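For reference, input.tsv is printed below; it contains TSV, C-alpha atoms and all ligand atoms.
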chain	number	residue	atom	x	y	z
A	204	MET	CA	-1.24	3.30	17.67
A	205	GLU	CA	2.15	2.76	19.35
A	206	ARG	CA	2.10	-0.39	21.38
A	207	GLU	CA	5.57	-1.58	21.76
A	208	LEU	CA	6.05	-1.39	25.50
A	209	VAL	CA	3.70	-4.10	26.72
A	210	SER	CA	3.57	-6.18	23.55
A	211	PRO	CA	4.68	-9.74	24.29
A	212	ASP	CA	6.43	-9.95	20.89
A	213	ALA	CA	9.97	-8.80	20.17
A	214	ASP	CA	11.46	-7.31	17.00
A	215	GLY	CA	14.95	-8.02	15.67
A	216	ASP	CA	16.64	-5.19	17.58
A	217	GLU	CA	15.12	-6.27	20.85
A	218	ARG	CA	16.15	-9.88	20.32
A	219	ALA	CA	19.75	-8.70	20.13
A	220	VAL	CA	19.39	-6.88	23.46
A	221	GLU	CA	17.62	-9.89	24.95
A	222	ALA	CA	20.43	-12.25	24.04
A	223	ALA	CA	22.57	-10.70	26.77
A	224	LEU	CA	19.93	-11.37	29.40
A	225	ARG	CA	19.16	-14.99	28.59
A	226	PRO	CA	19.87	-17.54	31.29
A	227	ARG	CA	22.34	-20.06	29.84
A	228	MET	CA	21.75	-23.13	32.00
A	229	LEU	CA	18.69	-24.73	33.58
A	230	GLY	CA	19.79	-23.73	37.09
A	231	GLU	CA	19.63	-20.04	36.14
A	232	PHE	CA	16.16	-20.28	34.59
A	233	ILE	CA	13.63	-18.68	36.92
A	234	GLY	CA	10.11	-19.99	37.56
A	235	GLN	CA	8.28	-22.70	35.56
A	236	THR	CA	9.24	-25.06	38.36
A	237	ARG	CA	7.36	-28.07	37.04
A	238	VAL	CA	8.66	-27.71	33.48
A	239	ARG	CA	12.19	-27.25	34.77
A	240	GLU	CA	12.00	-30.35	36.91
A	241	GLN	CA	10.47	-32.46	34.13
A	242	LEU	CA	13.01	-31.25	31.65
A	243	SER	CA	15.96	-31.89	33.90
A	244	LEU	CA	14.80	-35.51	34.24
A	245	VAL	CA	14.46	-35.91	30.47
A	246	LEU	CA	17.94	-34.48	29.95
A	247	GLU	CA	19.57	-36.44	32.75
A	248	SER	CA	18.18	-39.77	31.60
A	249	ALA	CA	19.29	-39.07	28.01
A	250	ARG	CA	22.76	-38.23	29.30
A	251	ARG	CA	22.91	-41.51	31.23
A	252	ARG	CA	21.76	-43.55	28.25
A	253	GLY	CA	24.13	-41.68	25.95
A	254	LYS	CA	21.26	-41.07	23.53
A	255	ALA	CA	19.56	-37.97	22.12
A	256	PRO	CA	16.57	-37.13	24.36
A	257	ASP	CA	12.95	-37.33	23.20
A	258	HIS	CA	11.59	-34.52	21.11
A	259	VAL	CA	10.27	-31.64	23.20
A	260	LEU	CA	7.27	-29.41	22.48
A	261	MET	CA	6.87	-26.15	24.37
A	262	SER	CA	3.59	-24.32	24.34
A	263	GLY	CA	2.84	-20.93	25.81
A	264	ALA	CA	2.36	-17.24	25.12
A	265	PRO	CA	5.13	-15.16	23.51
A	266	GLY	CA	7.95	-13.92	25.75
A	267	LEU	CA	7.70	-16.65	28.42
A	268	GLY	CA	11.10	-18.15	27.62
A	269	LYS	CA	10.57	-20.86	24.98
A	270	THR	CA	13.57	-19.86	22.86
A	271	THR	CA	15.64	-19.48	26.01
A	272	LEU	CA	14.72	-23.02	27.10
A	273	ALA	CA	15.59	-24.44	23.67
A	274	MET	CA	19.03	-22.86	23.96
A	275	ILE	CA	19.38	-24.23	27.47
A	276	ILE	CA	18.50	-27.75	26.29
A	277	ALA	CA	21.33	-27.62	23.74
A	278	ALA	CA	23.74	-26.13	26.28
A	279	GLU	CA	22.89	-28.75	28.91
A	280	LEU	CA	23.50	-31.50	26.34
A	281	ALA	CA	26.65	-29.75	25.11
A	282	ALA	CA	25.10	-30.18	21.66
A	283	PRO	CA	25.04	-27.79	18.72
A	284	LEU	CA	21.79	-25.89	18.09
A	285	ARG	CA	20.08	-25.06	14.80
A	286	LEU	CA	17.35	-22.43	14.84
A	287	THR	CA	14.54	-22.05	12.34
A	288	SER	CA	10.84	-21.25	12.34
A	289	GLY	CA	7.61	-22.61	10.87
A	290	PRO	CA	7.07	-19.76	8.40
A	291	ALA	CA	10.60	-20.30	6.99
A	292	LEU	CA	9.73	-23.90	6.11
A	293	GLU	CA	7.49	-23.31	3.13
A	294	ARG	CA	8.51	-26.33	1.10
A	295	ALA	CA	9.60	-29.83	2.06
A	296	GLY	CA	12.97	-29.01	0.44
A	297	ASP	CA	13.58	-26.23	2.98
A	298	LEU	CA	13.31	-28.75	5.78
A	299	ALA	CA	15.22	-31.49	3.94
A	300	ALA	CA	18.15	-29.10	3.52
A	301	ILE	CA	18.32	-28.64	7.28
A	302	LEU	CA	17.65	-32.23	8.31
A	303	SER	CA	20.22	-33.71	5.95
A	304	THR	CA	22.99	-31.54	7.40
A	305	LEU	CA	22.28	-32.07	11.12
A	306	ALA	CA	25.14	-33.41	13.22
A	307	GLU	CA	24.52	-36.38	15.49
A	308	GLY	CA	22.75	-35.24	18.66
A	309	GLU	CA	22.13	-31.74	17.31
A	310	VAL	CA	19.14	-29.84	18.72
A	311	LEU	CA	16.82	-28.45	16.04
A	312	PHE	CA	14.60	-25.63	17.29
A	313	ILE	CA	11.52	-24.80	15.22
A	314	ASP	CA	9.75	-21.71	16.54
A	315	GLU	CA	6.08	-21.22	15.62
A	316	ILE	CA	5.98	-24.84	14.53
A	317	HIS	CA	2.20	-24.60	13.95
A	318	ARG	CA	2.91	-22.35	10.95
A	319	MET	CA	4.94	-24.89	9.01
A	320	ALA	CA	3.70	-25.81	5.49
A	321	ARG	CA	1.94	-29.16	5.14
A	322	PRO	CA	4.54	-30.98	2.98
A	323	ALA	CA	7.32	-29.99	5.37
A	324	GLU	CA	5.21	-31.18	8.28
A	325	GLU	CA	4.74	-34.59	6.69
A	326	MET	CA	8.45	-34.90	6.09
A	327	LEU	CA	9.03	-34.08	9.73
A	328	TYR	CA	6.85	-37.02	10.92
A	329	LEU	CA	9.21	-39.55	9.38
A	330	ALA	CA	12.31	-37.67	10.46
A	331	MET	CA	11.13	-37.54	14.07
A	332	GLU	CA	10.18	-41.17	14.20
A	333	ASP	CA	12.72	-43.00	12.06
A	334	PHE	CA	15.48	-40.41	11.53
A	335	ARG	CA	14.89	-40.73	7.82
A	336	VAL	CA	13.55	-38.51	5.05
A	337	ASP	CA	12.20	-39.54	1.68
A	338	ILE	CA	13.58	-37.39	-1.09
A	339	VAL	CA	11.21	-37.47	-4.04
A	340	VAL	CA	12.97	-37.48	-7.39
A	341	GLY	CA	11.10	-36.88	-10.64
A	342	LYS	CA	7.47	-36.04	-11.22
A	343	GLY	CA	4.21	-37.80	-11.98
A	344	PRO	CA	4.02	-41.60	-12.31
A	345	GLY	CA	7.82	-41.87	-12.67
A	346	ALA	CA	8.54	-40.17	-9.35
A	347	THR	CA	10.51	-42.23	-6.86
A	348	ALA	CA	11.17	-41.68	-3.18
A	349	ILE	CA	14.78	-42.18	-2.19
A	350	PRO	CA	15.13	-42.78	1.55
A	351	LEU	CA	17.91	-40.82	3.18
A	352	GLU	CA	19.18	-41.59	6.67
A	353	ILE	CA	19.68	-38.59	8.91
A	354	ALA	CA	21.61	-38.31	12.17
A	355	PRO	CA	19.61	-38.83	15.38
A	356	PHE	CA	18.65	-35.36	16.58
A	357	THR	CA	16.34	-33.77	19.11
A	358	LEU	CA	13.54	-31.58	17.85
A	359	VAL	CA	12.43	-28.75	20.10
A	360	GLY	CA	9.23	-27.19	18.81
A	361	ALA	CA	7.65	-24.04	20.19
A	362	THR	CA	4.10	-22.90	19.66
A	363	THR	CA	1.79	-20.24	20.99
A	364	ARG	CA	-1.15	-22.29	19.71
A	365	ALA	CA	-0.81	-25.92	20.77
A	366	GLY	CA	-4.43	-26.48	19.73
A	367	LEU	CA	-3.55	-25.75	16.10
A	368	LEU	CA	-0.99	-28.52	15.94
A	369	PRO	CA	-2.20	-31.61	14.07
A	370	ALA	CA	-2.50	-34.63	16.36
A	371	PRO	CA	0.04	-36.76	14.40
A	372	LEU	CA	2.66	-34.08	14.97
A	373	ARG	CA	1.77	-33.47	18.61
A	374	ASP	CA	1.86	-37.21	19.34
A	375	ARG	CA	5.44	-37.52	18.09
A	376	PHE	CA	6.78	-35.36	20.89
A	377	GLY	CA	7.91	-37.38	23.89
A	378	PHE	CA	7.54	-34.46	26.23
A	379	VAL	CA	5.20	-31.46	26.15
A	380	ALA	CA	6.06	-28.49	28.35
A	381	HIS	CA	3.25	-26.06	29.11
A	382	MET	CA	4.65	-22.66	30.00
A	383	ASP	CA	2.53	-20.52	32.31
A	384	PHE	CA	2.57	-16.82	32.98
A	385	TYR	CA	4.97	-15.89	35.81
A	386	ASP	CA	3.79	-14.67	39.19
A	387	ALA	CA	4.99	-11.37	40.64
A	388	ALA	CA	7.64	-12.95	42.89
A	389	GLU	CA	9.18	-14.81	39.93
A	390	LEU	CA	9.18	-11.68	37.81
A	391	GLU	CA	10.99	-9.84	40.60
A	392	LEU	CA	13.71	-12.49	40.48
A	393	VAL	CA	13.94	-12.07	36.69
A	394	LEU	CA	14.27	-8.31	37.24
A	395	PHE	CA	16.97	-8.63	39.91
A	396	ARG	CA	18.98	-10.92	37.66
A	397	SER	CA	18.64	-8.60	34.64
A	398	ALA	CA	19.45	-5.52	36.76
A	399	ARG	CA	22.63	-7.20	37.92
A	400	LEU	CA	23.64	-7.97	34.34
A	401	LEU	CA	22.82	-4.40	33.25
A	402	GLY	CA	24.71	-2.94	36.22
A	403	VAL	CA	21.61	-1.27	37.66
A	404	ALA	CA	20.97	-1.03	41.42
A	405	LEU	CA	17.36	-2.18	41.78
A	406	PRO	CA	15.70	-1.81	45.21
A	407	GLU	CA	13.06	-4.37	46.15
A	408	ASP	CA	10.09	-2.00	46.09
A	409	ALA	CA	11.08	-0.72	42.65
A	410	ALA	CA	11.27	-4.32	41.38
A	411	ARG	CA	7.80	-4.93	42.82
A	412	GLU	CA	6.46	-1.86	41.04
A	413	ILE	CA	7.84	-3.03	37.67
A	414	ALA	CA	6.85	-6.68	38.19
A	415	ARG	CA	3.19	-5.94	38.80
A	416	ARG	CA	2.97	-4.03	35.51
A	417	SER	CA	4.72	-6.75	33.46
A	418	ARG	CA	1.73	-8.91	32.49
A	419	GLY	CA	3.30	-12.08	33.86
A	420	THR	CA	5.89	-12.00	31.05
A	421	PRO	CA	9.71	-11.86	31.50
A	422	ARG	CA	10.20	-10.18	28.11
A	423	ILE	CA	7.93	-7.30	29.18
A	424	ALA	CA	9.58	-7.12	32.63
A	425	ASN	CA	13.02	-6.78	31.02
A	426	ARG	CA	11.73	-4.16	28.62
A	427	LEU	CA	10.09	-2.08	31.35
A	428	LEU	CA	13.30	-2.32	33.39
A	429	ARG	CA	15.29	-0.82	30.50
A	430	ARG	CA	12.82	2.06	30.14
A	431	VAL	CA	12.83	2.71	33.88
A	432	ARG	CA	16.63	2.67	33.88
A	433	ASP	CA	16.70	5.28	31.06
A	434	PHE	CA	14.27	7.47	32.96
A	435	ALA	CA	16.31	7.20	36.17
A	436	GLU	CA	19.52	8.08	34.30
A	437	VAL	CA	18.06	11.17	32.64
A	438	ARG	CA	15.75	12.45	35.36
A	439	ALA	CA	17.11	11.12	38.66
A	440	ASP	CA	20.92	10.93	38.44
A	441	GLY	CA	20.67	7.19	37.89
A	442	VAL	CA	18.98	6.54	41.24
A	443	LEU	CA	16.16	4.07	40.79
A	444	THR	CA	13.39	4.03	43.42
A	445	ALA	CA	9.83	2.71	43.46
A	446	ASP	CA	8.56	6.27	42.88
A	447	ILE	CA	10.89	6.74	39.92
A	448	ALA	CA	9.77	3.39	38.49
A	449	ALA	CA	6.12	4.37	38.89
A	450	ALA	CA	6.72	7.83	37.38
A	451	ALA	CA	8.56	6.33	34.39
A	452	LEU	CA	5.88	3.75	33.69
A	453	ASN	CA	3.12	6.32	34.10
A	454	LEU	CA	4.93	8.45	31.54
A	455	TYR	CA	4.89	5.49	29.16
A	456	GLU	CA	1.20	5.01	29.97
A	457	VAL	CA	1.56	1.56	31.48
A	458	ASP	CA	-0.78	1.54	34.46
A	459	GLY	CA	-0.60	-0.27	37.81
A	460	GLU	CA	-1.97	-3.53	36.37
A	461	GLY	CA	0.05	-3.39	33.16
A	462	LEU	CA	-2.72	-2.00	30.95
A	463	ASP	CA	-1.57	0.41	28.27
A	464	ARG	CA	-3.31	3.11	26.26
A	465	LEU	CA	-5.07	0.75	23.85
A	466	ASP	CA	-6.30	-1.51	26.65
A	467	ARG	CA	-7.75	1.45	28.51
A	468	ALA	CA	-9.21	2.91	25.30
A	469	VAL	CA	-11.03	-0.38	24.67
A	470	LEU	CA	-12.40	-0.52	28.20
A	471	GLY	CA	-13.20	3.20	28.16
A	472	ALA	CA	-15.24	2.87	24.94
A	473	LEU	CA	-16.97	-0.27	26.18
A	474	LEU	CA	-18.09	1.50	29.36
A	475	GLY	CA	-18.52	5.08	28.11
A	476	LYS	CA	-20.16	4.45	24.76
A	477	PHE	CA	-21.88	1.10	25.15
A	478	GLY	CA	-22.79	1.02	28.83
A	479	GLY	CA	-20.51	-1.98	29.41
A	480	GLY	CA	-21.80	-3.97	26.38
A	481	PRO	CA	-22.56	-6.39	24.92
A	482	VAL	CA	-21.18	-4.87	21.74
A	483	GLY	CA	-19.79	-6.47	18.58
A	484	LEU	CA	-16.04	-6.51	17.98
A	485	SER	CA	-16.14	-4.37	14.82
A	486	THR	CA	-18.28	-1.67	16.46
A	487	LEU	CA	-15.92	-1.60	19.43
A	488	ALA	CA	-12.91	-1.35	17.10
A	489	VAL	CA	-14.42	1.60	15.20
A	490	ALA	CA	-15.07	3.33	18.53
A	491	VAL	CA	-11.35	3.18	19.41
A	492	GLY	CA	-10.15	3.90	15.86
A	493	GLU	CA	-8.44	0.52	15.40
A	494	GLU	CA	-8.73	-2.51	13.17
A	495	PRO	CA	-10.90	-5.28	14.68
A	496	GLU	CA	-7.91	-7.62	14.48
A	497	THR	CA	-5.74	-5.28	16.56
A	498	VAL	CA	-8.37	-5.13	19.28
A	499	GLU	CA	-8.93	-8.88	19.17
A	500	VAL	CA	-5.31	-10.05	19.01
A	501	VAL	CA	-3.44	-7.30	20.82
A	502	ALA	CA	-5.71	-5.97	23.55
A	503	GLU	CA	-8.33	-8.57	24.32
A	504	PRO	CA	-6.31	-11.60	25.44
A	505	PHE	CA	-4.79	-9.68	28.34
A	506	LEU	CA	-8.09	-7.97	29.26
A	507	VAL	CA	-9.82	-11.36	29.30
A	508	ARG	CA	-7.00	-12.88	31.35
A	509	GLN	CA	-7.27	-10.04	33.86
A	510	GLY	CA	-11.03	-10.65	34.16
A	511	LEU	CA	-11.81	-7.18	32.83
A	512	LEU	CA	-13.57	-8.20	29.62
A	513	ALA	CA	-15.62	-11.20	28.57
A	514	ARG	CA	-16.29	-12.50	25.08
A	515	THR	CA	-19.89	-13.69	24.99
A	516	PRO	CA	-22.00	-14.97	22.11
A	517	ARG	CA	-23.81	-11.60	22.10
A	518	GLY	CA	-20.61	-9.53	22.00
A	519	ARG	CA	-17.94	-8.03	24.22
A	520	VAL	CA	-18.93	-7.25	27.80
A	521	ALA	CA	-17.07	-5.29	30.49
A	522	THR	CA	-16.96	-7.03	33.86
A	523	ALA	CA	-17.62	-5.34	37.19
A	524	ALA	CA	-13.83	-5.32	37.70
A	525	ALA	CA	-13.43	-3.18	34.56
A	526	TRP	CA	-15.72	-0.48	35.98
A	527	ILE	CA	-13.72	-0.53	39.19
A	528	HIS	CA	-10.40	-0.44	37.31
A	529	LEU	CA	-11.43	2.77	35.57
A	530	GLY	CA	-12.56	4.29	38.87
A	531	LEU	CA	-16.29	3.91	38.20
A	532	THR	CA	-19.09	2.24	40.15
A	533	PRO	CA	-20.29	-0.91	38.38
A	534	PRO	CA	-24.05	-1.10	37.78
A	535	PRO	CA	-25.74	-3.85	39.84
A	536	ASP	CA	-26.26	-5.98	36.72
A	537	ALA	CA	-22.64	-5.67	35.55
A	538	PHE	CA	-21.10	-8.90	34.26
A	539	GLY	CA	-19.54	-10.78	37.18
A	540	ALA	CA	-20.95	-8.28	39.72
A	541	ALA	CA	-22.61	-11.04	41.74
A	542	ALA	CA	-19.30	-12.90	42.06
A	543	SER	CA	-17.46	-9.83	43.33
A	544	ALA	CA	-20.26	-8.47	45.53
A	545	PRO	CA	-19.98	-8.98	49.30
A	546	PRO	CA	-22.13	-11.85	50.58
A	547	ALA	CA	-25.67	-10.81	51.45
A	548	GLY	CA	-26.36	-10.25	55.18
A	549	PRO	CA	-28.64	-12.52	57.25
B	1	LIG	N1	12.66	-17.95	33.23
B	1	LIG	C1	13.36	-16.90	32.84
B	1	LIG	N2	14.34	-16.40	33.59
B	1	LIG	C2	15.02	-15.31	33.19
B	1	LIG	N3	14.80	-14.65	32.03
B	1	LIG	C3	13.87	-15.12	31.23
B	1	LIG	C4	13.10	-16.27	31.58
B	1	LIG	N4	12.22	-16.52	30.60
B	1	LIG	C5	12.43	-15.59	29.66
B	1	LIG	N5	13.41	-14.74	30.02
B	1	LIG	C6	13.88	-13.58	29.26
B	1	LIG	O1	12.80	-13.04	28.52
B	1	LIG	C7	13.19	-12.75	27.18
B	1	LIG	C8	12.26	-13.46	26.22
B	1	LIG	O2	12.43	-14.87	26.31
B	1	LIG	P1	12.32	-15.82	25.02
B	1	LIG	O3	12.84	-15.12	23.79
B	1	LIG	O4	12.93	-17.11	25.38
B	1	LIG	O5	10.75	-15.98	24.91
B	1	LIG	P2	9.89	-16.85	23.89
B	1	LIG	O6	8.83	-17.53	24.69
B	1	LIG	O7	10.76	-17.69	23.05
B	1	LIG	O8	9.22	-15.75	23.00
B	1	LIG	P3	8.77	-15.88	21.46
B	1	LIG	O9	7.72	-16.91	21.44
B	1	LIG	O10	8.28	-14.49	21.15
B	1	LIG	O11	10.01	-16.23	20.69
B	1	LIG	C9	14.66	-13.14	27.08
B	1	LIG	O12	15.47	-12.00	27.22
B	1	LIG	C10	14.90	-14.05	28.24
B	1	LIG	O13	16.18	-13.88	28.75
Could you express the structure from this file as structure tokens?
Amino acid sequence: MERELVSPDADGDERAVEAALRPRMLGEFIGQTRVREQLSLVLESARRRGKAPDHVLMSGAPGLGKTTLAMIIAAELAAPLRLTSGPALERAGDLAAILSTLAEGEVLFIDEIHRMARPAEEMLYLAMEDFRVDIVVGKGPGATAIPLEIAPFTLVGATTRAGLLPAPLRDRFGFVAHMDFYDAAELELVLFRSARLLGVALPEDAAREIARRSRGTPRIANRLLRRVRDFAEVRADGVLTADIAAAALNLYEVDGEGLDRLDRAVLGALLGKFGGGPVGLSTLAVAVGEEPETVEVVAEPFLVRQGLLARTPRGRVATAAAWIHLGLTPPPDAFGAAASAPPAGP
């Protein structure tokens, strides 16, 4: 099932398009007020001391701006940036090759740091703490570790799963930035900025229409903006209005709350075939013709976050809000119905 439009992940082609829309300095970065403020203090104090700042860990869902912030950190420090990712660091040697060639003050960005192989992770502990790596030469009882000094650097790690990070690694970061989903007003600012860079005239009500369907995620907002722009160019002489934005996104089957076809199929099956649940994940997946993993990883996190679906020990359950979202009347015993019901009269 096609699910590109509201997926928080980006493929290679999209990353190239995104590069043009990235804010370059901290002052241009929208939202995440607390993280921005904390980070600017960390950077400013490092600048004053003339030292590389503490290592920074960023945790948060895909598409919230972790890579962008890593690039900003390097730019603000006027330092070079090296980019790699956890899955690329399969052996300690892969990491040693990078660490031993870092310039003084360089920023090393490791995306998906929770997916790094164990030996590389252990090498990183020492590098982070003492700016040193032990290169093991030989095998068996004759093996010797030769210590190698490396230049002081700043590690910026990004993870979507902070909980999966081993404590010894997490503890070696001086600063942990938790990235939250963006609210509608912040997403509108992201959209105005991107529209300006793309040369698109974006009226306020059209921005609002796109923002509310963007799942709190700048990457999705930028992607929806590009699709809406295409639609306006082909169908409306390039004039973008709120109605055009709504028509374009309806065509792409992204509804008013940002749910797409798969999300609605999951809710539709849960309500139509299983009376709102509880139902097991694999049964639900068969009912929508998908793999259980696709339903669990792709659709469910957003449905849970929107309060439309609950994962309970007995299975998946639709909430009263899900019935309402699909235009149905929730049964009195629907999950969460009591919370959303009007208070009882005297
Ligand atoms: N605060 C922001 N202001 C403006 N644009 C933003 C902001 N955050 C993210 N973006 C835009 O959203 C897109 C995705 O951001 P980025 O690649 O940094 O996300 P990410 O969290 O690193 O995602 P992933 O974990 O998938 O790599 C980029 O085009 C970026 O310009």
For Thr357 in chain A: contacts at 12 Å, only C-alpha atoms, fewer than 6 positions along chain excluded, given as a PyMOL selection string:
chain A and resi 245-246+249+254-260+273+276-277+280+282-285+302+305-313+327+330-332+334+375-378
Given the point (14.0, -13.1, 33.1) in the file's coordinates, find the residues that have an atom at most 10 Å from it, counting all atoms listed in the file, and give them as JSON, numbers by chain.
{"A": [221, 224, 225, 226, 231, 232, 233, 234, 266, 267, 268, 271, 385, 389, 390, 391, 392, 393, 394, 395, 396, 397, 420, 421, 422, 423, 424, 425]}
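Nearest to ligand LIG 1 (chain B) of all the residues A:Gln509, A:Ser262, A:Ser303, A:Thr444 is A:Ser262, counting only C-alpha atoms and all ligand atoms.
Interatomic distance, CA of Arg508 in chain A against CA of Leu465 in chain A: 15.7 Å.
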Could you list, as a PyMOL selection string, every residue within 6 Å of Ala521 in chain A, counting all atoms listed in the file and ignoring same-chain residues fewer than 3 positions away?
chain A and resi 479+512+525
When you draw a straight line from CA of Ala404 in chain A to CA of Val442 in chain A, how long is it in Å?
7.8 Å
Considering all atoms listed in the file, can you say which of A:Trp526, A:Phe434, A:Phe538, A:Phe384 comes closest to ligand LIG 1 (chain B)?
A:Phe384
Near Ala523 in chain A, counting only C-alpha atoms, which residues have an atom at most 7 Å away, once you skip same-chain residues fewer than 5 positions from it, shown as a list in words?
Pro533, Ala537, Phe538, Gly539 and Ala540 of chain A
d(CA of Glu412 in chain A, CA of Ala439 in chain A) in Å
17.0 Å
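Among the candidates A:Gly530, A:Gly215, A:Gly360, A:Pro265, the residue lying nearest to ligand LIG 1 (chain B) is A:Pro265 (atoms considered: all atoms listed in the file).
Proximity to ligand LIG 1 (chain B) was assessed for A:Gly253, A:Pro344, A:Pro371, A:Gly419 counting only C-alpha atoms and all ligand atoms; the smallest distance is recorded for A:Gly419.
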Neighbour list for Ala370 in chain A as a compact mmCIF listing (two decimals) with C-alpha atoms, in the frame of the given file, cut-off 12 Å, only C-alpha atoms, skip fewer than 6 positions in-chain:
# COMPACT_ATOMS: atom_id res chain seq x y z
CA HIS A 317 2.20 -24.60 13.95
CA GLU A 324 5.21 -31.18 8.28
CA TYR A 328 6.85 -37.02 10.92
CA PHE A 376 6.78 -35.36 20.89
Protein and nucleic acid residues near (5.3, 2.5, 31.7) (cut-off 8 Å, only C-alpha atoms) as a compact mmCIF listing (two decimals) with C-alpha atoms, in the coordinates of the input:
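What landed in point.txt:
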# COMPACT_ATOMS: atom_id res chain seq x y z
CA LEU A 208 6.05 -1.39 25.50
CA ARG A 416 2.97 -4.03 35.51
CA LEU A 427 10.09 -2.08 31.35
CA ARG A 430 12.82 2.06 30.14
CA VAL A 431 12.83 2.71 33.88
CA ALA A 449 6.12 4.37 38.89
CA ALA A 450 6.72 7.83 37.38
CA ALA A 451 8.56 6.33 34.39
CA LEU A 452 5.88 3.75 33.69
CA ASN A 453 3.12 6.32 34.10
CA LEU A 454 4.93 8.45 31.54
CA TYR A 455 4.89 5.49 29.16
CA GLU A 456 1.20 5.01 29.97
CA VAL A 457 1.56 1.56 31.48
CA ASP A 458 -0.78 1.54 34.46
CA ASP A 463 -1.57 0.41 28.27
Within 12 Å of Val482 in chain A, counting only C-alpha atoms, which residues show up once you throw out same-chain ones fewer than 6 positions away? Write them as an NGL selection string, please.
:A and (469-470 or 472-474 or 476 or 488-490 or 512-521)
